[in-house]
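Here the structure is laid out as structure tokens; the discussion comes afterwards.
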Amino acid sequence: MESLLMNTYARMPVVFSRGNGAYLWDTSGKSYLDMFSGIAVTPLGHAHQSVADAISEQAHRLCHVSNVYGNELGEELADRIDTLVRSGYDQPDTTGDHTSARGKVFLCNSGAEANECAIKLARKWKAWHALENTGKGDSPGTILATEGSFHGRTLATWAASGKSIDSQDYKPLPGGFSHIPYNDISSLEDRLSMGDVSAFIVEPIQGENGVIDPDRGYLAAARDLCDRYGALLVVDEVQTGLAKTGRWFAFQYDNILPDVVTVAKALGNGMPIGACWARAEVASAFRPGDHGSTFGGQPLACAAAIATLKVMKEMDAPSRAVQIGNSIDKRLHTGGAILSLSGRGALRGIVLESDRSLDVARKALENGLLVNAPRPQVIRIAPPLIMTDEELESALDILVSSMEEVLR
Ligand SMILES: Cc1ncc(COP(=O)(O)O)c(C=O)c1O
């Protein structure tokens with residue numbers, strides 16, 4: 001039967017009907033190990049007891065109230081996100097510009113919305129500063145982003161995404177976005193020095209571009225430059241966030257505190273929820289009516305996110321991601337079909353010598369394993385952090401044999 005769903009995804013020929021832990025089952029009853037996690041979404045795997053209980057109890061109590069009223073669960077979630085964003089930051093800035101003081105959180109429903117909030121906030125903040133300093137509130141608030149980046153599929157987040165540069169679709173795109181090469185500090189300085197940039201938005205690892213790592217210290221250097229030229233540093237942790245790289249947030253490898261951090265995907269372990277964290281001084285640019293979302297931060301999604309973060313904290317999810325990463329490094333040898341491994345912890349790219357990653361992903365599916373192919377030469381894996389060592393070993397065995405079948 002022809003699908004009535006819009007043709008926006010190149011769907012694989014399988015329909016899943018249930019999941020448990022690291023496993024999914026299709027409608028015919030066949031089981032699969034899941035190293036795709038719904039594009040890096042389910043760190044606790046499928047049907048996790050604590051998350052399922054939290055959702056079910058909350059569904060019986062209160063699913064939704066408007067954001068014009070108080071929100072206990074939203075407050076608790078904001079507190080947890082704020083604590084995680086600032087955790088491990090051991091060099092509070094003495095200038096008072098970005099101390100380790102508490103930030104503020106806007107809750108929404110997806111990664112694109114979290115970034116949309118960041119973009120609006122950066123522009124409002126820039127205009128607000130210009131008004132204070134020059135008496136004029138019409139300063140251009142260029143958002144600087146990187147080539148190859150991905151920040152979402154709303155018009156503004158698509159315009160921010162480096163992937164839109166060569167696309168003729170959806171013109172005219174919103175203006176005020178500019179792009180520089182990723183991992184290129186001198187281009188960043190050249191562009192910031194022009195003086196019109198309100199924010200530099202950057203992924204700590206470019207996930208959709210094929211799990212591309214920048215050099216260590218890239219974000220620290222970007223932090224310094226943003227400070228020097230008066231731009232906000234917005235770190236998009238939608239894909240890298242919440243433990244999978246081995247830190248709660250990947251920017252924590254650089255021991256910096258960004259001005260704005262966006263997160264979604266893993267936050268609700270599958271419930272749609274996103275968040276935009278900002279330093280309190282930056283967040284104060286927003287006034288009631290400046291931004292909002294009917295569903296953003298509703299109690300049902302917050303209950304799922306709180307349960308997810310509680311379990312992740314109890315299990316020390318960042319350490320588990322490091323262990324998983326070590327096992328991946330041990331099992332997947334470079335040389336032969338594998339040119340290199342990218343990413344950190346449990347968010348990894350396997351760079352093939354040939355451009356047949358999609359064939360490998362299809363073969364793996366046939367063999368009972370979910371992986372994905374963000375680029376013709378790259379297989380991406382983001383196993384759930386609850387995956388046992390035995391399950392991980394089996395999953396990597398299937399991946400290796402699928403690669404051998406396709407690439408021999
Ligand atoms: C880095 C990054 N930002 C933003 C997004 C958009 O998130 P969403 O699909 O939840 O809107 C994605 C999605 O893959 C992403 O990887």
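Going through the structure tokens in order, the chains are called A, B, and so on, while each chain numbers its residues from 1 and the ligands are numbered from 1 in the order shown.
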
Exercise. Which polymer residues have any atom within 10 Å of an atom of A:Trp158, counting only C-alpha atoms, with same-chain residues fewer than 4 positions away left out, as a list in words?
Worked result: Ala112, Glu116, Ser149, Phe150, His151, Gly152, Arg153, Thr154, Gly162, Lys163, Ser164, Ile165, Tyr170, Leu173 and Pro174 of chain A

For this session: Find the residues near ligand 1. Use a cut-off of 8 Å, count only C-alpha atoms and all ligand atoms, and write them as JSON, numbers by chain.
Result: {"A": [39, 109, 110, 111, 112, 113, 114, 115, 149, 150, 151, 152, 153, 154, 157, 203, 206, 207, 208, 236, 237, 238, 239, 240, 264, 265, 272, 274]}

May I have the residues within 9 Å of A:Leu232 as a PDB file with C-alpha atoms, in the first residue's frame, using only C-alpha atoms and disregarding those fewer than 5 positions away in the same chain?
```
ATOM      1  CA  ALA A 122      21.433  36.058  20.340  1.00  0.00           C
ATOM      2  CA  LYS A 126      22.887  42.009  20.446  1.00  0.00           C
ATOM      3  CA  VAL A 197      28.416  38.970  14.586  1.00  0.00           C
ATOM      4  CA  SER A 198      26.009  38.402  17.438  1.00  0.00           C
ATOM      5  CA  ALA A 199      26.804  34.718  17.903  1.00  0.00           C
ATOM      6  CA  PHE A 200      28.972  31.884  16.686  1.00  0.00           C
ATOM      7  CA  ILE A 201      26.970  28.644  16.673  1.00  0.00           C
ATOM      8  CA  ARG A 223      35.528  30.935  23.490  1.00  0.00           C
ATOM      9  CA  CYS A 226      34.029  35.327  21.027  1.00  0.00           C
ATOM     10  CA  ASP A 227      34.974  37.117  24.249  1.00  0.00           C
ATOM     11  CA  PRO A 258      29.512  28.646  26.515  1.00  0.00           C
ATOM     12  CA  ASP A 259      27.017  31.521  26.622  1.00  0.00           C
ATOM     13  CA  VAL A 260      24.259  29.346  25.208  1.00  0.00           C
ATOM     14  CA  VAL A 282      22.143  36.709  28.167  1.00  0.00           C
TER      15      VAL A 282
END
```

Exercise. Leaving out stretch 302-318 of chain A and any residue of its chain fewer than 2 positions from it, which residues lie within 6 Å of it when counting only C-alpha atoms, given as a ChimeraX atom specification?
Worked result: /A:51,54-55,73,77,243,246-247,267-268,297,299-300,320-321

Exercise. Quick one: distance from atom CA of A:Trp277 to atom CA of A:Gly88 in Å, one decimal?
Worked result: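 Rounded to one decimal, the two atoms are 16.3 Å apart.
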
Exercise. Residues of stretch 111-286 of chain A in helix (DSSP H, G or I) according to DSSP, as a ChimeraX atom specification?
Worked result: /A:111-134,155-160,162-164,185-192,218-229,250-254,265-268,280-283

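Nearest residue to A:Val14, choosing from A:Asn372, A:Ser340, A:Thr27, A:Ser293 and counting only C-alpha atoms: A:Thr27.
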
Problem set entry | Nearest-residue call for A:Arg375, choices A:Arg102, A:His291, A:Gly148, A:Asp213, using only C-alpha atoms | A:Gly148

For this session: Considering only C-alpha atoms, return as a list in words whatever protein or nucleic-acid residues lie within 7 Å of A:His46, sequence-local ones (same chain, fewer than 5 positions apart) excluded.
Result: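 Using only C-alpha atoms, the neighbours found are Gly19, Asn20, Gly21 and Ala22 of chain A.
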
Keeping all heavy atoms for every residue in the selection just given, could you write it to a file as an mmCIF file, in the first residue's frame?
```cif
data_model
loop_
_atom_site.group_PDB
_atom_site.id
_atom_site.type_symbol
_atom_site.label_atom_id
_atom_site.label_comp_id
_atom_site.auth_asym_id
_atom_site.auth_seq_id
_atom_site.Cartn_x
_atom_site.Cartn_y
_atom_site.Cartn_z
ATOM 1 N N GLY A 19 10.196 -2.430 21.416
ATOM 2 C CA GLY A 19 11.612 -2.432 21.770
ATOM 3 C C GLY A 19 11.777 -2.736 23.237
ATOM 4 O O GLY A 19 10.853 -2.567 24.038
ATOM 5 N N ASN A 20 12.970 -3.205 23.580
ATOM 6 C CA ASN A 20 13.305 -3.429 24.993
ATOM 7 C C ASN A 20 14.815 -3.352 25.142
ATOM 8 O O ASN A 20 15.534 -4.073 24.453
ATOM 9 C CB ASN A 20 12.796 -4.810 25.433
ATOM 10 C CG ASN A 20 12.761 -4.881 26.944
ATOM 11 O OD1 ASN A 20 13.806 -4.879 27.592
ATOM 12 N ND2 ASN A 20 11.569 -4.905 27.512
ATOM 13 N N GLY A 21 15.297 -2.461 25.999
ATOM 14 C CA GLY A 21 16.743 -2.311 26.153
ATOM 15 C C GLY A 21 17.396 -1.976 24.827
ATOM 16 O O GLY A 21 16.982 -1.062 24.126
ATOM 17 N N ALA A 22 18.409 -2.753 24.460
ATOM 18 C CA ALA A 22 19.158 -2.480 23.226
ATOM 19 C C ALA A 22 18.527 -3.162 22.014
ATOM 20 O O ALA A 22 19.094 -3.124 20.927
ATOM 21 C CB ALA A 22 20.592 -2.950 23.396
#
```

Exercise. Contacts of A:Ser394 at 12 Å or less, counting only C-alpha atoms, minus same-chain residues fewer than 2 places along, as a PyMOL selection string?
Worked result: chain A and resi 22-23+32-35+327-328+331+367-369+387-392+396-401

Problem set entry | Residue list (strand (DSSP E), DSSP) for stretch 7-136 of chain A, as a PyMOL selection string | chain A and resi 16-20+23-26+31-34+103-108
